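Data block below; observations after.
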Amino acid sequence: MRTTLLDIRRMKAAGRRIPMLTAYDYPSARIADRAGVPMLLVGDSLGMVVQGHDSTLPVTLDDMVRHSAAVVRGAEKALVVADLPFLTYASPDDAIATARRLMQEAQVQAVKLEGGRHVVPIVQHLTQHGVPVMGHLGFTPQSQHTLGVRVQAKEAACAKRLLEDALALEAAGAFAVVLELVPAPLAEAVSKRLRIPTIGIGAGAGCDGQVQVWHDLLGLFESSPRHARRYAEIGAAIETAIRAYAADVEGERFPTAAQSAGMDADELARALA
């Protein structure tokens with residue numbers, strides 16, 4: 001049975017931490033689902049870690065629908081959340097049209113959008129029409145050219161504004177909120193004041209859950225952000241495997257009889273006659 005919004009709320013109420021992980025395709029979703037991760041995020045971070053862009057901005061709605069559909073097919077139990085791409089929720093009508101595609105075509109169970117009080121009318125409009133919405137505060141990647149990639153809300157006025165934004169998103173009907181690159185003491189204080197779960201990334205251990213990017217967790221790139229922990233060096237292992245394969249082909253050690261099919265000699269002779 002698939003994880004529900006009620007399950008996520010119960011995890012916060014029970015004091016259970018909520019693991020969340022990004023996924024961008026069918027095999028990664030299957031692996032994360034088998035590992036028991038209750039929530040998967042199809043992030044517009046795919047623009048950087050999958051498509052090779054330097055920001056999330058080039059990611060299109062078609063991209064998100066395609067990748068989200070693959071993740072949903074791979075995940076049988078996890079709740080799948082998809083990002084609304086840049087400028088696809090500038091108005092309530094835009095947001096409805098975007099969410100409709102993600103929920104009908106890709107069949108995700110929830111969507112995520114960035115911003116505070118200025119997106120509250122959008123959140124209200126979506127939730128009133130039955131769309132589960134996750135908020136996103138702190139460093140918001142779609143605004144990186146305005147904010148810069150750095151910790152947010154370190155000063156009292158900005159910290160107060162972030163808390164007010166979080167409370168406003170909760171009041172608007174958001175079922176959870178991501179806190180990204182926020183000072184740990186502030187993130188913990190916000191988490192304690194909200195009834196809905198907070199999901200941290202670079203926001204310390206006081207959040208109700210944590211989300212990490214698939215590629216950072218597994219060490220697929222040479223370096224990772226400070227807030228990530230590399231649980232494996234899969235990138236290096238893949239490179240070693242590919243080097244071994246290429247060397248075996250060049251050295252005529254692959255394929256062998258074990259990877260080949262035989263044929264009756266008489267049948268071959270008649271075919272070549």
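Each chain in the structure tokens gets a letter, A, B, ..., in the order shown, and its residues are numbered from 1; ligands are numbered from 1 in order too.
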
Counting only C-alpha atoms, what is within 7 Å of Arg17 of chain A, bar same-chain residues fewer than 3 positions away, as a VMD selection string? chain A and resid 11 208 to 209

As a PyMOL selection string, please: the residues near Ala172 of chain A (cut-off 9 Å, only C-alpha atoms, same-chain neighbours under 3 positions excluded). chain A and resi 120-125+127+167-169

Could those selected residues go to a file with N, CA, C and O atoms, as an mmCIF file, in the first residue's frame?
data_model
loop_
_atom_site.group_PDB
_atom_site.id
_atom_site.type_symbol
_atom_site.label_atom_id
_atom_site.label_comp_id
_atom_site.auth_asym_id
_atom_site.auth_seq_id
_atom_site.Cartn_x
_atom_site.Cartn_y
_atom_site.Cartn_z
ATOM 1 N N VAL A 120 0.971 31.959 -1.305
ATOM 2 C CA VAL A 120 -0.133 31.439 -0.493
ATOM 3 C C VAL A 120 -1.436 31.338 -1.298
ATOM 4 O O VAL A 120 -2.145 30.322 -1.208
ATOM 5 N N PRO A 121 -1.794 32.358 -2.107
ATOM 6 C CA PRO A 121 -3.025 32.193 -2.909
ATOM 7 C C PRO A 121 -2.958 31.002 -3.862
ATOM 8 O O PRO A 121 -3.979 30.347 -4.104
ATOM 9 N N ILE A 122 -1.767 30.723 -4.388
ATOM 10 C CA ILE A 122 -1.599 29.572 -5.273
ATOM 11 C C ILE A 122 -1.814 28.280 -4.496
ATOM 12 O O ILE A 122 -2.510 27.361 -4.952
ATOM 13 N N VAL A 123 -1.204 28.193 -3.311
ATOM 14 C CA VAL A 123 -1.347 27.000 -2.474
ATOM 15 C C VAL A 123 -2.811 26.786 -2.102
ATOM 16 O O VAL A 123 -3.340 25.665 -2.181
ATOM 17 N N GLN A 124 -3.483 27.869 -1.705
ATOM 18 C CA GLN A 124 -4.897 27.755 -1.361
ATOM 19 C C GLN A 124 -5.720 27.257 -2.555
ATOM 20 O O GLN A 124 -6.574 26.381 -2.414
ATOM 21 N N HIS A 125 -5.445 27.822 -3.723
ATOM 22 C CA HIS A 125 -6.201 27.446 -4.921
ATOM 23 C C HIS A 125 -5.995 25.967 -5.247
ATOM 24 O O HIS A 125 -6.953 25.250 -5.567
ATOM 25 N N THR A 127 -4.930 23.471 -3.172
ATOM 26 C CA THR A 127 -5.452 22.567 -2.144
ATOM 27 C C THR A 127 -6.980 22.544 -2.144
ATOM 28 O O THR A 127 -7.590 21.501 -1.889
ATOM 29 N N LEU A 167 4.257 29.468 8.605
ATOM 30 C CA LEU A 167 2.930 29.427 9.215
ATOM 31 C C LEU A 167 1.849 29.752 8.183
ATOM 32 O O LEU A 167 0.757 29.160 8.205
ATOM 33 N N ALA A 168 2.155 30.679 7.264
ATOM 34 C CA ALA A 168 1.192 31.041 6.227
ATOM 35 C C ALA A 168 0.962 29.878 5.263
ATOM 36 O O ALA A 168 -0.172 29.613 4.838
ATOM 37 N N LEU A 169 2.028 29.162 4.921
ATOM 38 C CA LEU A 169 1.869 27.992 4.045
ATOM 39 C C LEU A 169 1.039 26.916 4.725
ATOM 40 O O LEU A 169 0.189 26.274 4.099
#

In Å and to one decimal, atom CA of Ala14 of chain A is distant from atom CA of Ile196 of chain A by 12.3 Å

Fewer than 6 positions away in the same chain doesn't count, so skip those; otherwise give me all residues within 8 Å of segment 175-188 of chain A, counting only C-alpha atoms, as a VMD selection string. chain A and resid 5 9 132 to 140 150 to 154 159 166 169 196 to 207

Could you write out the selected residues, including C-alpha atoms, as a PDB file, in the first residue's frame?
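Output saved as again-v4.pdb:
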ATOM      1  CA  LEU A   5      -0.375  12.215   3.525  1.00  0.00           C
ATOM      2  CA  ARG A   9       1.409  13.525   9.411  1.00  0.00           C
ATOM      3  CA  PRO A 132      -1.694  18.113  -2.067  1.00  0.00           C
ATOM      4  CA  VAL A 133       1.031  20.781  -1.883  1.00  0.00           C
ATOM      5  CA  MET A 134       4.453  20.769  -0.243  1.00  0.00           C
ATOM      6  CA  GLY A 135       6.053  24.176   0.322  1.00  0.00           C
ATOM      7  CA  HIS A 136       9.729  25.135   0.039  1.00  0.00           C
ATOM      8  CA  LEU A 137      11.428  27.940   1.992  1.00  0.00           C
ATOM      9  CA  GLY A 138      14.941  29.183   2.689  1.00  0.00           C
ATOM     10  CA  PHE A 139      17.183  28.802  -0.317  1.00  0.00           C
ATOM     11  CA  THR A 140      14.820  28.321  -3.223  1.00  0.00           C
ATOM     12  CA  ARG A 150      24.049  30.467   0.422  1.00  0.00           C
ATOM     13  CA  VAL A 151      22.436  29.963   3.813  1.00  0.00           C
ATOM     14  CA  GLN A 152      19.286  32.055   4.187  1.00  0.00           C
ATOM     15  CA  ALA A 153      17.542  33.794   7.110  1.00  0.00           C
ATOM     16  CA  LYS A 154      20.586  34.277   9.342  1.00  0.00           C
ATOM     17  CA  ALA A 159      14.354  34.576  10.234  1.00  0.00           C
ATOM     18  CA  ALA A 166       5.990  28.737   7.072  1.00  0.00           C
ATOM     19  CA  LEU A 169       1.869  27.992   4.045  1.00  0.00           C
ATOM     20  CA  ILE A 196       2.849  19.993   9.495  1.00  0.00           C
ATOM     21  CA  PRO A 197       6.200  18.244   8.961  1.00  0.00           C
ATOM     22  CA  THR A 198       9.354  20.084   7.941  1.00  0.00           C
ATOM     23  CA  ILE A 199      11.791  18.373   5.593  1.00  0.00           C
ATOM     24  CA  GLY A 200      15.320  19.698   5.897  1.00  0.00           C
ATOM     25  CA  ILE A 201      18.175  19.880   3.435  1.00  0.00           C
ATOM     26  CA  GLY A 202      21.147  21.710   4.853  1.00  0.00           C
ATOM     27  CA  ALA A 203      18.934  22.784   7.773  1.00  0.00           C
ATOM     28  CA  GLY A 204      20.233  20.652  10.623  1.00  0.00           C
ATOM     29  CA  ALA A 205      18.853  17.720  12.592  1.00  0.00           C
ATOM     30  CA  GLY A 206      15.899  19.520  14.169  1.00  0.00           C
ATOM     31  CA  CYS A 207      13.602  19.119  11.166  1.00  0.00           C
TER      32      CYS A 207
END

DSSP on the backbone, then: every residue of segment 112-217 of chain A marked strand (DSSP E), written as a PyMOL selection string. chain A and resi 112+133-138+176-180+198-201+209-212

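The nearest approach to Leu84 of chain A among the residues A:Asp165, A:Glu222, A:Glu155, A:Glu114, with only C-alpha atoms taken into account, belongs to A:Glu114.
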
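Shortest separation to Pro141 of chain A among A:Thr240, A:Thr60, A:Ser28, A:Ser55 occurs at residue A:Ser55, atoms counted being only C-alpha atoms.
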
What are the closest atom pairs, with distances in Å to one decimal, for each residue of segment 18-91 of chain A lying within 12 Å of segment 211-216 of chain A, using only C-alpha atoms, rows by chain and rising residue number, as JSON lines?
{"residue": "A:Ile18", "atom": "CA", "partner": "A:Val211", "partner_atom": "CA", "distance": 8.6}
{"residue": "A:Pro19", "atom": "CA", "partner": "A:Val211", "partner_atom": "CA", "distance": 6.4}
{"residue": "A:Met20", "atom": "CA", "partner": "A:Val211", "partner_atom": "CA", "distance": 4.5}
{"residue": "A:Leu21", "atom": "CA", "partner": "A:Val211", "partner_atom": "CA", "distance": 5.1}
{"residue": "A:Thr22", "atom": "CA", "partner": "A:Val213", "partner_atom": "CA", "distance": 5.1}
{"residue": "A:Ala23", "atom": "CA", "partner": "A:Trp214", "partner_atom": "CA", "distance": 6.3}
{"residue": "A:Tyr24", "atom": "CA", "partner": "A:Trp214", "partner_atom": "CA", "distance": 8.6}
{"residue": "A:Asp25", "atom": "CA", "partner": "A:Trp214", "partner_atom": "CA", "distance": 10.8}
{"residue": "A:Pro27", "atom": "CA", "partner": "A:Trp214", "partner_atom": "CA", "distance": 11.8}
{"residue": "A:Ser28", "atom": "CA", "partner": "A:Trp214", "partner_atom": "CA", "distance": 8.2}
{"residue": "A:Ala29", "atom": "CA", "partner": "A:Trp214", "partner_atom": "CA", "distance": 10.0}
{"residue": "A:Ile31", "atom": "CA", "partner": "A:Trp214", "partner_atom": "CA", "distance": 10.9}
{"residue": "A:Ala32", "atom": "CA", "partner": "A:Trp214", "partner_atom": "CA", "distance": 9.3}
{"residue": "A:Val37", "atom": "CA", "partner": "A:Val211", "partner_atom": "CA", "distance": 10.3}
{"residue": "A:Pro38", "atom": "CA", "partner": "A:Val211", "partner_atom": "CA", "distance": 11.1}
{"residue": "A:Met39", "atom": "CA", "partner": "A:Val211", "partner_atom": "CA", "distance": 9.0}
{"residue": "A:Leu40", "atom": "CA", "partner": "A:Val211", "partner_atom": "CA", "distance": 8.7}
{"residue": "A:Leu41", "atom": "CA", "partner": "A:Val211", "partner_atom": "CA", "distance": 8.3}
{"residue": "A:Val42", "atom": "CA", "partner": "A:Val213", "partner_atom": "CA", "distance": 9.8}
{"residue": "A:Gly43", "atom": "CA", "partner": "A:Val213", "partner_atom": "CA", "distance": 8.6}
{"residue": "A:Asp44", "atom": "CA", "partner": "A:Val213", "partner_atom": "CA", "distance": 10.9}
{"residue": "A:Ser45", "atom": "CA", "partner": "A:Val213", "partner_atom": "CA", "distance": 8.2}
{"residue": "A:Leu46", "atom": "CA", "partner": "A:Val213", "partner_atom": "CA", "distance": 9.5}
{"residue": "A:Met48", "atom": "CA", "partner": "A:His215", "partner_atom": "CA", "distance": 10.5}
{"residue": "A:Val49", "atom": "CA", "partner": "A:His215", "partner_atom": "CA", "distance": 7.1}
{"residue": "A:Val50", "atom": "CA", "partner": "A:His215", "partner_atom": "CA", "distance": 9.3}
{"residue": "A:Val81", "atom": "CA", "partner": "A:Val211", "partner_atom": "CA", "distance": 11.9}

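The shortest atom-to-atom distance to Leu57 of chain A, with only C-alpha atoms taken into account, belongs to A:Leu87 out of A:Val111, A:Leu87, A:His118, A:Ala35.
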
Let's see if you can do this: from backbone DSSP, list all helix (DSSP H, G or I) residues in segment 35-200 of chain A, as JSON, numbers by chain. {"A": [46, 47, 48, 49, 61, 62, 63, 64, 65, 66, 67, 68, 69, 70, 71, 72, 73, 74, 92, 93, 94, 95, 96, 97, 98, 99, 100, 101, 102, 103, 104, 117, 118, 119, 120, 121, 122, 123, 124, 125, 126, 127, 128, 141, 142, 143, 144, 145, 146, 147, 156, 157, 158, 159, 160, 161, 162, 163, 164, 165, 166, 167, 168, 169, 170, 171, 172, 184, 185, 186, 187, 188, 189, 190, 191, 192, 193]}

For Pro225 of chain A, the closest of A:Val149, A:Ala90, A:Leu79, A:Val108 counting only C-alpha atoms is A:Val149

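You will find atom CA of Ser224 of chain A at 13.7 Å from atom CA of Ala236 of chain A.
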
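With only C-alpha atoms as the basis for measurement, A:Pro85 is the residue among A:Gly15, A:Gly251, A:Pro85, A:Gly115 that approaches Pro58 of chain A most closely.
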